[in-house]
file my_file22.txt (compact mmCIF, C-alpha atoms)
# COMPACT_ATOMS: atom_id res chain seq x y z
CA MET A 1 -13.21 61.22 -6.41
CA THR A 2 -9.64 60.16 -5.77
CA LEU A 3 -8.58 58.30 -2.64
CA PRO A 4 -5.93 59.63 -0.31
CA PRO A 5 -2.40 58.31 -0.90
CA HIS A 6 -2.10 56.37 2.37
CA PRO A 7 -5.05 54.00 1.82
CA VAL A 8 -3.78 53.33 -1.70
CA ARG A 9 -0.39 52.37 -0.32
CA LEU A 10 -1.96 50.07 2.27
CA ARG A 11 -4.08 48.41 -0.37
CA SER A 12 -1.00 47.91 -2.57
CA ASN A 13 0.87 46.26 0.31
CA ALA A 14 -2.06 43.94 0.92
CA SER A 15 -1.97 42.98 -2.77
CA LEU A 16 1.71 42.14 -2.48
CA LEU A 17 1.05 39.93 0.55
CA LEU A 18 -1.78 38.17 -1.30
CA PHE A 19 0.47 37.60 -4.33
CA ALA A 20 3.23 36.17 -2.12
CA ALA A 21 0.76 33.83 -0.42
CA LEU A 22 -0.52 32.58 -3.80
CA THR A 23 3.05 31.99 -4.97
CA CYS A 24 3.82 29.89 -1.89
CA CYS A 25 0.72 27.78 -2.55
CA ALA A 26 1.87 26.72 -6.02
CA ALA A 27 1.45 22.95 -6.42
CA PRO A 28 4.46 20.72 -7.20
CA PRO A 29 4.62 19.52 -10.80
CA PRO A 30 2.98 16.15 -11.56
CA ARG A 31 5.08 13.03 -11.37
CA PRO A 32 5.04 11.19 -14.73
CA VAL A 33 4.78 7.39 -14.88
CA ASN A 34 6.56 5.62 -17.72
CA LEU A 35 5.10 2.14 -18.11
CA ASP A 36 6.98 1.61 -21.38
CA GLY A 37 10.31 1.65 -19.56
CA ILE A 38 9.48 -1.16 -17.14
CA ALA A 39 10.60 -3.90 -19.53
CA GLU A 40 13.96 -2.16 -19.99
CA ARG A 41 14.26 -1.79 -16.20
CA ARG A 42 13.73 -5.55 -15.76
CA ASP A 43 16.47 -6.23 -18.31
CA ARG A 44 18.87 -3.95 -16.47
CA ARG A 45 18.32 -5.87 -13.21
CA GLY A 46 19.49 -9.10 -14.79
CA ASP A 47 22.44 -7.43 -16.50
CA SER A 48 23.58 -5.80 -13.26
CA LEU A 49 23.93 -9.11 -11.44
CA PRO A 50 27.54 -10.06 -10.67
CA ALA A 51 28.74 -13.20 -12.38
CA PRO A 52 28.61 -16.03 -9.80
CA ALA A 53 31.90 -17.80 -9.25
CA SER A 54 30.23 -21.23 -9.44
CA GLY A 55 28.33 -20.52 -12.65
CA GLY A 56 24.96 -20.07 -10.97
CA LEU A 57 23.11 -18.24 -8.24
CA SER A 58 22.88 -20.06 -4.92
CA LEU A 59 20.04 -19.77 -2.43
CA GLU A 60 22.21 -17.81 -0.01
CA GLU A 61 23.14 -15.30 -2.71
CA ALA A 62 19.51 -15.02 -3.81
CA ARG A 63 18.44 -14.23 -0.24
CA MET A 64 20.97 -11.41 -0.10
CA LEU A 65 19.82 -10.00 -3.45
CA LEU A 66 16.12 -9.99 -2.55
CA PRO A 67 15.92 -6.43 -1.14
CA VAL A 68 18.20 -5.18 -3.93
CA LEU A 69 16.32 -6.63 -6.92
CA ASP A 70 12.72 -7.12 -5.88
CA PRO A 71 10.74 -3.95 -6.80
CA GLU A 72 8.05 -4.76 -4.25
CA LEU A 73 10.62 -4.75 -1.45
CA GLN A 74 12.13 -1.55 -2.79
CA LEU A 75 8.67 0.00 -2.61
CA ALA A 76 8.36 -1.22 0.99
CA PHE A 77 11.57 0.56 1.95
CA ALA A 78 10.42 3.69 0.12
CA ARG A 79 7.44 3.99 2.45
CA GLU A 80 9.68 5.79 4.95
CA LEU A 81 10.08 8.73 2.55
CA PRO A 82 6.88 10.59 3.57
CA ALA A 83 7.90 10.54 7.23
CA LEU A 84 11.42 11.66 6.37
CA ALA A 85 10.08 14.46 4.18
CA GLY A 86 7.80 15.65 6.99
CA ARG A 87 10.61 15.34 9.53
CA GLU A 88 12.74 17.75 7.53
CA HIS A 89 10.24 20.55 8.19
CA ALA A 90 8.87 19.44 11.55
CA GLY A 91 11.02 21.84 13.59
CA LEU A 92 9.99 24.99 11.73
CA TRP A 93 8.33 27.74 13.72
CA PRO A 94 4.55 28.02 13.18
CA ASP A 95 3.49 30.49 10.49
CA PRO A 96 2.23 33.88 11.59
CA THR A 97 -1.32 35.05 10.98
CA LEU A 98 -2.25 38.26 9.17
CA ASN A 99 -5.46 39.87 10.42
CA VAL A 100 -6.97 42.75 8.44
CA ASP A 101 -10.10 44.47 9.79
CA LEU A 102 -12.00 46.15 6.94
CA ALA A 103 -15.43 46.16 8.49
CA ASN A 104 -15.65 49.89 9.25
CA ALA A 105 -13.91 50.85 6.03
CA LEU A 106 -16.23 48.86 3.78
CA SER A 107 -19.32 50.05 5.63
CA GLY A 108 -18.26 53.69 5.11
CA GLY A 109 -17.37 53.27 1.45
CA ALA A 110 -13.75 54.31 1.90
CA LEU A 111 -10.61 53.05 3.55
CA ASP A 112 -10.75 55.60 6.36
CA GLU A 113 -10.30 52.91 9.02
CA LEU A 114 -7.92 49.99 8.51
CA ASP A 115 -6.28 47.72 11.13
CA VAL A 116 -3.49 45.30 10.17
CA LEU A 117 -2.29 42.89 12.85
CA ILE A 118 0.31 40.09 12.55
CA GLN A 119 -0.01 37.34 15.16
CA VAL A 120 2.91 34.97 15.90
CA PRO A 121 2.23 31.74 17.84
CA LEU A 122 4.63 31.07 20.68
CA ALA A 123 5.77 27.47 20.27
CA ILE A 124 6.75 26.93 23.87
CA ALA A 125 4.85 23.71 24.63
CA GLY A 126 7.22 21.36 22.80
CA ARG A 127 4.73 20.38 20.11
CA GLN A 128 7.27 20.62 17.28
CA LYS A 129 9.67 18.31 19.09
CA ALA A 130 6.90 15.80 19.79
CA LEU A 131 5.80 15.88 16.16
CA ALA A 132 9.39 15.39 15.00
CA SER A 133 9.78 12.42 17.33
CA ARG A 134 6.60 10.87 15.96
CA LEU A 135 7.82 11.29 12.36
CA ASP A 136 11.14 9.70 13.28
CA ALA A 137 9.29 6.77 14.79
CA GLN A 138 7.08 6.47 11.70
CA ALA A 139 10.17 6.32 9.47
CA ARG A 140 11.68 3.58 11.64
CA LEU A 141 8.37 1.71 11.54
CA ALA A 142 8.34 1.82 7.73
CA VAL A 143 11.85 0.38 7.58
CA ALA A 144 11.05 -2.27 10.18
CA ARG A 145 7.97 -3.38 8.24
CA ALA A 146 10.07 -3.55 5.07
CA GLU A 147 12.62 -5.72 6.88
CA GLN A 148 9.76 -7.93 8.07
CA GLN A 149 8.58 -8.28 4.48
CA VAL A 150 12.12 -9.21 3.41
CA PHE A 151 12.20 -11.86 6.13
CA GLU A 152 8.94 -13.45 5.01
CA ARG A 153 9.88 -13.29 1.35
CA ALA A 154 13.14 -15.05 2.15
CA ARG A 155 11.20 -17.87 3.80
CA SER A 156 8.96 -18.16 0.72
CA LEU A 157 12.03 -18.17 -1.49
CA GLU A 158 13.48 -21.04 0.53
CA VAL A 159 10.30 -23.07 0.13
CA ASP A 160 10.25 -22.48 -3.63
CA TRP A 161 13.96 -23.28 -3.95
CA VAL A 162 13.58 -26.59 -2.13
CA ALA A 163 10.50 -27.47 -4.22
CA TRP A 164 12.43 -26.60 -7.40
CA THR A 165 15.34 -28.78 -6.29
CA LEU A 166 12.97 -31.68 -5.56
CA ALA A 167 11.25 -31.29 -8.94
CA LEU A 168 14.62 -31.49 -10.71
CA ALA A 169 15.56 -34.56 -8.67
CA GLU A 170 12.23 -36.22 -9.41
CA ALA A 171 12.58 -35.56 -13.13
CA ARG A 172 16.11 -36.95 -13.12
CA SER A 173 15.02 -40.02 -11.12
CA ASN A 174 12.20 -40.83 -13.54
CA GLU A 175 14.50 -40.36 -16.51
CA GLU A 176 16.94 -42.80 -14.93
CA LEU A 177 14.12 -45.25 -14.26
CA ALA A 178 12.98 -45.04 -17.88
CA GLY A 179 16.55 -45.70 -18.93
CA ASP A 180 16.93 -48.61 -16.52
CA LEU A 181 13.77 -50.18 -17.92
CA ALA A 182 15.38 -50.43 -21.33
CA GLY A 183 17.35 -53.54 -20.31
CA PRO A 184 14.38 -55.56 -19.06
CA LEU A 185 12.36 -54.49 -22.12
CA LYS A 186 15.00 -55.95 -24.42
CA ARG A 187 14.84 -59.18 -22.48
CA ILE A 188 11.05 -59.07 -22.76
CA GLU A 189 11.23 -58.73 -26.53
CA VAL A 190 13.36 -61.86 -26.67
CA LEU A 191 10.90 -63.73 -24.48
CA VAL A 192 7.98 -62.57 -26.61
CA ASP A 193 9.73 -63.62 -29.83
CA THR A 194 10.45 -67.07 -28.39
CA GLY A 195 6.87 -67.41 -27.17
CA ASN A 196 7.80 -67.56 -23.50
CA LEU A 197 5.95 -64.35 -22.60
CA GLY A 198 2.64 -62.99 -23.80
CA THR A 199 2.05 -59.61 -25.37
CA VAL A 200 -0.16 -58.53 -22.46
CA GLU A 201 2.70 -58.85 -19.98
CA SER A 202 5.09 -57.10 -22.34
CA GLY A 203 2.56 -54.31 -22.82
CA LEU A 204 2.39 -53.74 -19.08
CA LEU A 205 6.17 -53.32 -18.93
CA ARG A 206 6.18 -50.91 -21.86
CA LEU A 207 3.43 -49.00 -20.07
CA ALA A 208 5.65 -48.73 -16.98
CA ARG A 209 8.43 -47.16 -19.07
CA ILE A 210 6.06 -44.70 -20.74
CA ASP A 211 4.65 -43.78 -17.32
CA ALA A 212 8.15 -43.10 -16.00
CA GLU A 213 8.84 -40.84 -19.00
CA ARG A 214 5.53 -39.05 -18.38
CA ARG A 215 6.40 -38.42 -14.74
CA ALA A 216 9.80 -37.11 -15.80
CA VAL A 217 8.18 -34.61 -18.17
CA ALA A 218 5.66 -33.53 -15.52
CA ALA A 219 8.40 -32.99 -12.92
CA SER A 220 10.52 -31.10 -15.45
CA GLN A 221 7.63 -28.76 -16.29
CA ARG A 222 6.93 -28.23 -12.60
CA ALA A 223 10.59 -27.30 -12.11
CA LYS A 224 10.32 -24.71 -14.90
CA ASP A 225 7.22 -23.24 -13.26
CA LEU A 226 9.06 -22.94 -9.95
CA GLU A 227 12.11 -21.46 -11.65
CA LEU A 228 9.94 -18.73 -13.16
CA ARG A 229 8.44 -18.08 -9.74
CA ILE A 230 11.93 -17.69 -8.28
CA LEU A 231 12.88 -15.31 -11.09
CA HIS A 232 9.84 -13.14 -10.40
CA ALA A 233 10.59 -13.19 -6.67
CA LEU A 234 13.95 -11.63 -7.53
CA GLY A 235 12.42 -9.10 -9.89
CA LEU A 236 13.92 -10.79 -12.96
CA ARG A 237 12.22 -11.63 -16.23
CA ALA A 238 11.82 -14.98 -17.90
CA GLY A 239 14.28 -16.00 -20.58
CA GLY A 240 17.27 -14.29 -19.00
CA HIS A 241 20.74 -15.66 -18.54
CA VAL A 242 20.46 -16.16 -14.75
CA ALA A 243 20.95 -19.77 -13.63
CA PHE A 244 20.27 -21.22 -10.20
CA ILE A 245 22.12 -23.87 -8.23
CA PRO A 246 19.97 -26.64 -6.69
CA LEU A 247 20.34 -27.45 -3.02
CA ALA A 248 22.27 -30.50 -1.89
CA LEU A 249 19.65 -32.52 -0.02
CA GLY A 250 21.88 -35.46 0.80
CA HIS A 251 21.87 -36.54 4.43
CA GLU A 252 25.07 -37.25 6.29
CA PRO A 253 25.40 -39.02 9.66
CA GLY A 254 25.41 -36.60 12.57
CA GLU A 255 23.23 -34.01 10.84
CA ASP A 256 20.12 -34.80 12.85
CA HIS A 257 20.81 -32.22 15.52
CA GLU A 258 18.40 -29.33 15.87
CA PRO A 259 19.54 -25.72 16.08
CA GLU A 260 19.67 -24.69 19.70
CA GLY A 261 18.59 -21.43 21.26
CA SER A 262 15.44 -19.41 21.79
CA VAL A 263 13.52 -17.03 19.59
CA SER A 264 15.49 -13.89 18.88
CA ARG A 265 14.02 -10.71 20.34
CA TRP A 266 15.31 -8.96 17.21
CA LEU A 267 13.22 -10.82 14.69
CA PRO A 268 11.99 -8.39 12.01
CA GLU A 269 8.40 -9.12 13.04
CA LEU A 270 9.14 -8.19 16.65
CA VAL A 271 11.19 -5.16 15.64
CA ALA A 272 8.24 -3.95 13.54
CA ALA A 273 5.86 -4.49 16.45
CA ALA A 274 8.20 -2.57 18.75
CA ALA A 275 8.45 0.25 16.20
CA ALA A 276 4.65 0.41 16.00
CA LEU A 277 4.55 0.73 19.79
CA GLU A 278 7.12 3.52 19.58
CA VAL A 279 4.92 5.37 17.08
CA ALA A 280 1.89 4.92 19.34
CA ASP A 281 3.85 6.25 22.32
CA ALA A 282 5.01 9.24 20.27
CA ALA A 283 1.38 9.91 19.36
CA VAL A 284 0.56 9.99 23.07
CA GLN A 285 3.25 12.61 23.58
CA VAL A 286 1.87 14.67 20.69
CA ALA A 287 -1.62 14.53 22.15
CA HIS A 288 -0.23 15.41 25.56
CA ARG A 289 1.73 18.39 24.26
CA ALA A 290 -1.30 19.59 22.29
CA ARG A 291 -3.08 20.19 25.60
CA PHE A 292 -0.53 22.79 26.70
CA VAL A 293 -1.52 26.43 26.25
CA GLU A 294 0.42 28.22 23.53
CA PRO A 295 -0.43 31.95 23.40
CA SER A 296 -0.07 34.12 20.30
CA LEU A 297 1.39 37.61 20.29
CA GLY A 298 0.25 40.17 17.76
CA ALA A 299 1.56 43.52 16.65
CA GLY A 300 0.50 45.87 13.89
CA ALA A 301 -0.68 49.30 12.86
CA GLY A 302 -3.96 50.94 12.03
CA LYS A 303 -5.60 54.15 10.85
CA GLU A 304 -8.63 55.83 12.28
CA GLY A 305 -10.00 59.30 11.48
CA GLY A 306 -6.89 60.36 9.61
CA GLY A 307 -4.57 59.37 12.44
CA ARG A 308 -2.31 56.35 12.93
CA ARG A 309 -2.17 53.99 15.87
CA VAL A 310 -0.06 51.07 17.08
CA LEU A 311 -1.82 47.76 17.79
CA PHE A 312 -0.78 45.03 20.21
CA GLY A 313 -2.67 41.82 20.93
CA LEU A 314 -2.41 38.70 23.04
CA GLN A 315 -4.44 35.55 22.36
CA VAL A 316 -4.49 32.90 25.11
CA PRO A 317 -6.61 29.74 24.82
CA ILE A 318 -8.51 28.90 27.98
CA PRO A 319 -8.56 25.13 28.64
CA LEU A 320 -11.81 24.78 30.56
CA TRP A 321 -13.90 21.90 29.14
CA ASN A 322 -12.24 20.24 26.14
CA ARG A 323 -8.57 20.44 27.21
CA GLY A 324 -7.65 17.87 24.54
CA LEU A 325 -8.70 15.03 26.80
CA GLY A 326 -10.53 13.13 24.06
CA ALA A 327 -7.54 13.01 21.69
CA LEU A 328 -5.23 12.04 24.55
CA ALA A 329 -7.53 9.24 25.70
CA GLN A 330 -7.72 7.84 22.17
CA ALA A 331 -3.95 7.96 21.79
CA VAL A 332 -3.46 6.13 25.09
CA ALA A 333 -6.01 3.49 24.05
CA ARG A 334 -4.27 2.98 20.69
CA ARG A 335 -0.96 2.57 22.52
CA GLU A 336 -2.49 -0.11 24.71
CA VAL A 337 -3.76 -1.99 21.65
CA THR A 338 -0.34 -1.71 19.99
CA ALA A 339 1.39 -2.99 23.12
CA ARG A 340 -0.88 -6.02 23.18
CA ALA A 341 -0.14 -6.61 19.49
CA TYR A 342 3.59 -6.55 20.33
CA GLU A 343 3.07 -9.16 23.04
CA LEU A 344 0.99 -11.29 20.69
CA ALA A 345 3.68 -11.08 18.01
CA PHE A 346 6.22 -12.56 20.41
CA GLU A 347 3.80 -15.31 21.38
CA ARG A 348 3.20 -16.13 17.72
CA ALA A 349 6.97 -16.26 17.17
CA LEU A 350 7.28 -18.80 19.98
CA GLU A 351 4.53 -20.88 18.39
CA ARG A 352 6.29 -20.63 15.04
CA GLU A 353 9.48 -21.97 16.59
CA GLU A 354 7.58 -24.90 18.08
CA ARG A 355 5.99 -25.71 14.72
CA ALA A 356 9.37 -25.59 12.98
CA ARG A 357 10.89 -27.97 15.52
CA ARG A 358 7.90 -30.29 15.24
CA ALA A 359 8.16 -30.26 11.43
CA MET A 360 11.85 -31.20 11.61
CA ARG A 361 11.19 -34.08 13.99
CA SER A 362 8.21 -35.26 11.96
CA ALA A 363 10.16 -35.35 8.69
CA ARG A 364 13.12 -37.03 10.38
CA GLY A 365 10.87 -39.60 12.02
CA ARG A 366 9.15 -40.46 8.73
CA ARG A 367 12.47 -40.62 6.90
CA ALA A 368 14.04 -43.13 9.28
CA PRO A 369 11.97 -46.18 8.21
CA VAL A 370 12.48 -45.27 4.56
CA GLU A 371 16.27 -45.09 4.88
CA GLU A 372 16.67 -47.96 7.30
CA GLY A 373 14.08 -50.42 5.99
CA LEU A 374 12.21 -49.68 2.78
CA LEU A 375 14.99 -48.33 0.58
CA PRO A 376 17.67 -50.96 1.40
CA LEU A 377 15.13 -53.76 0.94
CA ALA A 378 13.99 -52.36 -2.39
CA ILE A 379 17.59 -52.09 -3.60
CA ASP A 380 18.34 -55.70 -2.56
CA GLN A 381 15.15 -56.96 -4.16
CA GLU A 382 15.98 -55.19 -7.41
CA SER A 383 19.49 -56.64 -7.43
CA ILE A 384 18.23 -60.21 -6.86
CA LEU A 385 15.54 -59.97 -9.53
CA ALA A 386 18.01 -58.50 -12.02
CA GLU A 387 20.28 -61.51 -11.51
CA LEU A 388 17.33 -63.89 -11.94
CA LEU A 389 16.29 -62.16 -15.16
CA ALA A 390 19.80 -62.56 -16.51
CA LEU A 391 19.61 -66.28 -15.69
CA GLY A 392 16.37 -66.64 -17.68
CA ASP A 393 13.66 -65.94 -15.13
CA LEU A 394 10.30 -65.54 -16.87
CA ARG A 395 8.93 -62.94 -14.45
CA PRO A 396 10.51 -59.64 -15.58
CA PHE A 397 7.54 -57.64 -14.33
CA LEU A 398 8.68 -58.46 -10.79
CA LEU A 399 11.95 -56.69 -11.53
CA VAL A 400 10.11 -53.68 -12.92
CA ASP A 401 7.92 -53.57 -9.83
CA ALA A 402 11.00 -53.65 -7.61
CA MET A 403 12.62 -50.86 -9.68
CA GLU A 404 9.53 -48.69 -9.32
CA ARG A 405 9.38 -49.31 -5.57
CA ARG A 406 13.04 -48.42 -5.20
CA GLN A 407 12.59 -45.23 -7.21
CA ALA A 408 9.48 -44.27 -5.21
CA ALA A 409 11.40 -44.81 -1.96
CA GLU A 410 14.25 -42.59 -3.18
CA ILE A 411 11.84 -39.82 -4.14
CA GLU A 412 10.05 -40.08 -0.79
CA ARG A 413 13.39 -39.84 0.99
CA LEU A 414 14.31 -36.71 -0.97
CA GLN A 415 10.93 -35.13 -0.27
CA LEU A 416 11.32 -35.76 3.46
CA LEU A 417 14.84 -34.32 3.34
CA GLY A 418 13.45 -31.24 1.60
CA GLU A 419 10.67 -30.91 4.16
CA GLU A 420 13.20 -31.16 6.96
CA GLN A 421 15.48 -28.64 5.24
CA VAL A 422 12.68 -26.08 4.95
CA ALA A 423 11.87 -26.46 8.66
CA ARG A 424 15.56 -26.24 9.57
CA MET A 425 16.08 -23.03 7.58
CA GLU A 426 13.03 -21.42 9.16
CA LEU A 427 14.16 -22.45 12.63
CA GLU A 428 17.64 -21.07 12.04
CA ALA A 429 16.10 -17.82 10.82
CA LEU A 430 13.96 -17.56 13.95
CA LEU A 431 16.96 -18.09 16.20
CA ALA A 432 19.45 -15.99 14.23
CA PRO A 433 20.79 -12.78 15.78
CA TYR A 434 19.38 -9.85 13.81
CA ALA A 435 21.27 -7.15 15.68
CA THR A 436 24.67 -6.62 17.21
CA ASN A 437 25.16 -6.40 20.95
CA GLU A 438 25.50 -2.62 20.75
CA GLU A 439 22.20 -2.36 18.88
CA GLN A 440 20.50 -4.64 21.39
CA GLU A 441 21.74 -2.49 24.26
CA ARG A 442 20.31 0.57 22.57
call {"tool": "encode", "arguments": {"input": "my_file22.txt", "output": "structure tokens"}}
result
Amino acid sequence: MTLPPHPVRLRSNASLLLFAALTCCAAPPPRPVNLDGIAERRDRRGDSLPAPASGGLSLEEARMLLPVLDPELQLAFARELPALAGREHAGLWPDPTLNVDLANALSGGALDELDVLIQVPLAIAGRQKALASRLDAQARLAVARAEQQVFERARSLEVDWVAWTLALAEARSNEELAGDLAGPLKRIEVLVDTGNLGTVESGLLRLARIDAERRAVAASQRAKDLELRILHALGLRAGGHVAFIPLALGHEPGEDHEPEGSVSRWLPELVAAAAALEVADAAVQVAHRARFVEPSLGAGAGKEGGGRRVLFGLQVPIPLWNRGLGALAQAVARREVTARAYELAFERALEREERARRAMRSARGRRAPVEEGLLPLAIDQESILAELLALGDLRPFLLVDAMERRQAAEIERLQLLGEEQVARMELEALLAPYATNEEQER
């Protein structure tokens, strides 16, 4: 038994709609990952660096290159891509719904009755705009969190750079001490040969020189470790041609002033907290708009008993009990938590400023007795004992002791200068303007 032509045509149209729906649901192709090309990518980063005018990369230049070279920071900035991709399609009209009623037809064994109805939602409640606003806020939050990560990585880079500079200075100081001990050791050899000094005393002085050489090697190796850490912070590989410039930690009169000002309201941490609050507020608007009634209009055609008919439908949700109150209440509660987190972030920034100022004053206070008392006295004592040794004094180990004390005082002074420099750089970063006046007004 053959079917009438009309039901066949309707069934063919339904097949076409099903095929089109399956085509639209095709998955995107997989994204391949090439781990073998990572080494080449690391080489390209080092080759793409501009040649520094001074022959090396300074700390200021390294801070600027952090978001450009560091792959972890690049990944942080890429986290805005999902929100941007969703924002591109957020304003599209909701998809229609195809309703096909085959109950009577299937029960009768033939397609004598068939109703096809297409329903179109009426997006009149502003949900698409609210969703788009939330996606925009999420993209800004991703960028703000990436900027916050750049800020913290810059502070870590400063700490490592200062530590690397101090390790180089300590290695150089111990090398100089080992070289300065060569003169007294020659004098000791003469005294030992003439019988005026025992081998035990001479052995102690040789031990002091060997210990200075050991400390120089240890500091040099520590500097290499820190240099590799700085390279990795910049996304560069070991063994490249990139050189770094140590910081100048010398102290000049009049440099004891502290940076003035208050914590910037545009710190990356505070901007990220504000962006999170913006996302939470946008979520409240989405939940609020979701409570509005959005009816759906439907139109179609059908067949019954050999005749055709026109169908028209209206679907209107009735907000009686649910009304979206639970989702709205949760969104409001999350916004309250986010607002408190924003307030806490500012309080923590104020505490961070206080700690930075305290660290500066502490390092400066501990450096003062070293520069004003210990170091000058050690230098004078070394000079006097050196003159006595030249005149035939039989106590060269006193000179070596004075040389070691002087060198220890110099290293302590440099360490305190480095500690103060780290605190100063952090304080300047906390007080620095991170936005123009026009941006602040917005």
call {"tool": "atom_distance", "arguments": {"input": "my_file22.txt", "atom1": "atom CA of Ala169 of chain A", "atom2": "atom CA of Ile411 of chain A"}}
result
7.9 Å
call {"tool": "residues_near_point", "arguments": {"input": "my_file22.txt", "point": "(12.6, -26.4, -6.7)", "cutoff": "9 Å", "atoms": "all atoms listed in the file", "output": "MDAnalysis selection string"}}
result
chainID A and resid 159:169 222:224 226:227 230 246:247
call {"tool": "residues_around", "arguments": {"input": "my_file22.txt", "residues": "Ala233 of chain A", "least_positions_apart": "4", "cutoff": "8 Å", "atoms": "all atoms listed in the file", "output": "ChimeraX atom specification"}}
result
/A:66,70,157,229
call {"tool": "write_last_selection", "arguments": {"input": "my_file22.txt", "atoms": "C-alpha atoms", "output": "short mmCIF file (atom, residue, chain, number, x, y, z; two decimals), keeping the file's coordinate frame"}}
result
data_model
loop_
_atom_site.label_atom_id
_atom_site.label_comp_id
_atom_site.auth_asym_id
_atom_site.auth_seq_id
_atom_site.Cartn_x
_atom_site.Cartn_y
_atom_site.Cartn_z
CA LEU A 66 16.12 -9.99 -2.55
CA ASP A 70 12.72 -7.12 -5.88
CA LEU A 157 12.03 -18.17 -1.49
CA ARG A 229 8.44 -18.08 -9.74
#
call {"tool": "atom_distance", "arguments": {"input": "my_file22.txt", "atom1": "atom CA of Arg215 of chain A", "atom2": "atom CA of His241 of chain A"}}
result
27.2 Å
call {"tool": "atom_distance", "arguments": {"input": "my_file22.txt", "atom1": "atom CA of Ser48 of chain A", "atom2": "atom CA of Phe244 of chain A"}}
result
16.1 Å
call {"tool": "closest_residue", "arguments": {"input": "my_file22.txt", "among": "A:Glu343, A:Glu420, A:Glu387, A:Glu278", "to": "Ala139 of chain A", "atoms": "only C-alpha atoms"}}
result
A:Glu278
call {"tool": "residues_around", "arguments": {"input": "my_file22.txt", "residues": "Phe77 of chain A", "least_positions_apart": "2", "cutoff": "6 Å", "atoms": "only C-alpha atoms", "output": "VMD selection string"}}
result
chain A and resid 74 to 75 79 143 146
call {"tool": "closest_residue", "arguments": {"input": "my_file22.txt", "among": "A:Leu344, A:Leu181, A:Ala356, A:Ala280", "to": "Val332 of chain A", "atoms": "all atoms listed in the file"}}
result
A:Ala280
call {"tool": "residues_around", "arguments": {"input": "my_file22.txt", "residues": "Ala329 of chain A", "least_positions_apart": "3", "cutoff": "12 Å", "atoms": "all atoms listed in the file", "output": "list in words"}}
result
Ala283, Val284, Gln285, Val286, Ala287, His288, Arg291, Asn322, Arg323, Gly324, Leu325, Gly326, Val332, Ala333, Arg334, Arg335 and Glu336 of chain A
call {"tool": "write_last_selection", "arguments": {"input": "my_file22.txt", "atoms": "C-alpha atoms", "output": "mmCIF file, in the coordinates of the input"}}
result
data_model
loop_
_atom_site.group_PDB
_atom_site.id
_atom_site.type_symbol
_atom_site.label_atom_id
_atom_site.label_comp_id
_atom_site.auth_asym_id
_atom_site.auth_seq_id
_atom_site.Cartn_x
_atom_site.Cartn_y
_atom_site.Cartn_z
ATOM 1 C CA ALA A 283 1.380 9.910 19.360
ATOM 2 C CA VAL A 284 0.560 9.990 23.070
ATOM 3 C CA GLN A 285 3.250 12.610 23.580
ATOM 4 C CA VAL A 286 1.870 14.670 20.690
ATOM 5 C CA ALA A 287 -1.620 14.530 22.150
ATOM 6 C CA HIS A 288 -0.230 15.410 25.560
ATOM 7 C CA ARG A 291 -3.080 20.190 25.600
ATOM 8 C CA ASN A 322 -12.240 20.240 26.140
ATOM 9 C CA ARG A 323 -8.570 20.440 27.210
ATOM 10 C CA GLY A 324 -7.650 17.870 24.540
ATOM 11 C CA LEU A 325 -8.700 15.030 26.800
ATOM 12 C CA GLY A 326 -10.530 13.130 24.060
ATOM 13 C CA VAL A 332 -3.460 6.130 25.090
ATOM 14 C CA ALA A 333 -6.010 3.490 24.050
ATOM 15 C CA ARG A 334 -4.270 2.980 20.690
ATOM 16 C CA ARG A 335 -0.960 2.570 22.520
ATOM 17 C CA GLU A 336 -2.490 -0.110 24.710
#
call {"tool": "residues_around", "arguments": {"input": "my_file22.txt", "residues": "Pro184 of chain A", "least_positions_apart": "6", "cutoff": "10 Å", "atoms": "only C-alpha atoms", "output": "list of chain:residue names"}}
result
A:Val190, A:Ser202, A:Leu205, A:Arg206, A:Ala386, A:Leu389, A:Ala390, A:Pro396, A:Phe397, A:Leu399, A:Val400
call {"tool": "residues_around", "arguments": {"input": "my_file22.txt", "residues": "segment 375-385 of chain A", "least_positions_apart": "6", "cutoff": "8 Å", "atoms": "only C-alpha atoms", "output": "VMD selection string"}}
result
chain A and resid 396 398 to 399 402 to 403 405 to 406 409 to 410
call {"tool": "write_last_selection", "arguments": {"input": "my_file22.txt", "atoms": "C-alpha atoms", "output": "PDB file, keeping the file's coordinate frame"}}
result
ATOM      1  CA  PRO A 396      10.510 -59.640 -15.580  1.00  0.00           C
ATOM      2  CA  LEU A 398       8.680 -58.460 -10.790  1.00  0.00           C
ATOM      3  CA  LEU A 399      11.950 -56.690 -11.530  1.00  0.00           C
ATOM      4  CA  ALA A 402      11.000 -53.650  -7.610  1.00  0.00           C
ATOM      5  CA  MET A 403      12.620 -50.860  -9.680  1.00  0.00           C
ATOM      6  CA  ARG A 405       9.380 -49.310  -5.570  1.00  0.00           C
ATOM      7  CA  ARG A 406      13.040 -48.420  -5.200  1.00  0.00           C
ATOM      8  CA  ALA A 409      11.400 -44.810  -1.960  1.00  0.00           C
ATOM      9  CA  GLU A 410      14.250 -42.590  -3.180  1.00  0.00           C
TER      10      GLU A 410
END
call {"tool": "axis_aligned_box", "arguments": {"input": "my_file22.txt", "around": "segment 400-414 of chain A", "padding_each_side": "4 Å", "output": "lines of an AutoDock Vina configuration file"}}
result
center_x = 11.1
center_y = -45.2
center_z = -6.0
size_x = 14.4
size_y = 25.0
size_z = 21.9
call {"tool": "closest_residue", "arguments": {"input": "my_file22.txt", "among": "A:Ile118, A:Gln415, A:Phe312, A:Ala243", "to": "Gly55 of chain A", "atoms": "only C-alpha atoms"}}
result
A:Ala243
call {"tool": "decode", "arguments": {"input": "my_file22.txt", "residues": "segment 202-206 of chain A", "atoms": "C-alpha atoms", "output": "compact mmCIF listing (two decimals), in the first residue's frame"}}
result
# COMPACT_ATOMS: atom_id res chain seq x y z
CA SER A 202 100.42 30.26 59.89
CA GLY A 203 97.95 27.44 59.30
CA LEU A 204 95.15 29.50 60.79
CA LEU A 205 95.89 32.34 58.39
CA ARG A 206 96.01 30.01 55.40
